[in-house]
Amino acid sequence: MAPPLNEIRDSLAKRFTDAGTAGTFVGYKVDDYMIIASDKERSGEGKLPASTFKIANSLIALETGVVQDVDKDVFPWDGVKRPIEAWNKDHTLRSAILVSAVPVYQEIARRIGAERMQKYVDLLDYGNRDIGGGSDQVWLNGGLRIDPIEQIDFVDRRRSRALPSCALSQ
């Protein structure tokens with residue numbers, strides 16, 4: 001497949017400047033196979049994936065069997081009161097992703113384990129593939145970095161069913 005077309009729109013970068021903040025916008029026009037970005041530098045700069053890693057973490061959980069049913073497998077609340085009230089209850093994978101429940105995803109990552117996490121991060125060609133810092137912290141403060149263009153590519157490979165392995169491509 002040919003690389004996508006790229007378009008840098010300075011008018012998008014100006015919105016960040018006008019708001020007194022730094023940031024980048026990257027969008028993808030699927031039908032045109034075109035990436036639209038607010039700037040060239042920041043859109044190619046790797047950052048911690050933070051909550052966006054929940055997509056990969058969920059796929060890996062399903063592929064490894066850590067989660068078999070997104071609505072029936074329950075992750076019990078550990079009783080620790082957290083500032084985000086929606087996290088303070090039992091969750092399924094579906095409910096956890098809806099509220100971005102970090103403690104659930106940390107438990108999922110622990111159950112996956114570092115060796116399998118590394119295997120699947122490699123298979124997914126996810127960012128810089130560095131899961132240093134612990135498999136339950138890698139997306140929060142570990143070594144993993146992914147830039148917005150790579151993130152678009154990952155999500156598009158999921159959309160187009162181009163990720164490796166049976167469950168990951170369904």
# chains A, B, ... in the order shown; residues from 1 in each chain; ligands from 1
call {"tool": "residues_around", "arguments": {"residues": "stretch 134-137 of chain A", "least_positions_apart": "5", "cutoff": "8 Å", "atoms": "only C-alpha atoms", "output": "list in words"}}
result
Tyr105, Gln106, Glu107, Ile108, Ala109, Arg110, Gly113, Ala114, Met117 and Gly142 of chain A
call {"tool": "select_by_dssp", "arguments": {"residues": "stretch 27-100 of chain A", "states": "alpha helix (DSSP H)", "output": "list of chain:residue names"}}
result
A:Lys40, A:Glu41, A:Arg42, A:Ser43, A:Phe53, A:Lys54, A:Ile55, A:Ala56, A:Asn57, A:Ser58, A:Leu59, A:Ile60, A:Ala61, A:Leu62, A:Glu63, A:Thr64, A:Leu93, A:Arg94, A:Ser95, A:Ala96, A:Ile97, A:Leu98
call {"tool": "atom_distance", "arguments": {"atom1": "atom CA of A:Leu93", "atom2": "atom CA of A:Asn128"}}
result
25.7 Å
call {"tool": "residues_around", "arguments": {"residues": "stretch 66-68 of chain A", "least_positions_apart": "6", "cutoff": "9 Å", "atoms": "only C-alpha atoms", "output": "list in words"}}
result
Ser58, Ile60, Val74, Leu93, Ile108, Arg111 and Ile112 of chain A
call {"tool": "closest_atom_pairs", "arguments": {"of": "stretch 37-147 of chain A", "to": "stretch 6-9 of chain A", "cutoff": "6 Å", "atoms": "only C-alpha atoms", "output": "Markdown table"}}
result
| residue | atom | partner | partner_atom | distance |
| --- | --- | --- | --- | --- |
| A:Ala37 | CA | A:Ile8 | CA | 4.9 |
| A:Ser38 | CA | A:Arg9 | CA | 5.1 |
| A:Asp39 | CA | A:Ile8 | CA | 5.7 |
call {"tool": "closest_residue", "arguments": {"among": "A:Trp139, A:Phe75, A:Tyr33, A:Phe154", "to": "A:Tyr126", "atoms": "only C-alpha atoms"}}
result
A:Phe154
call {"tool": "residues_around", "arguments": {"residues": "stretch 20-25 of chain A", "least_positions_apart": "5", "cutoff": "9 Å", "atoms": "only C-alpha atoms", "output": "ChimeraX atom specification"}}
result
/A:12-13,15,36-39,42-43,148
call {"tool": "atom_distance", "arguments": {"atom1": "atom CA of A:Leu123", "atom2": "atom CA of A:Leu62"}}
result
14.6 Å
call {"tool": "select_by_dssp", "arguments": {"residues": "chain A", "states": "strand (DSSP E)", "output": "list of chain:residue names"}}
result
A:Leu5, A:Asn6, A:Glu7, A:Ile8, A:Val26, A:Gly27, A:Tyr28, A:Lys29, A:Met34, A:Ile35, A:Ile36, A:Ala37
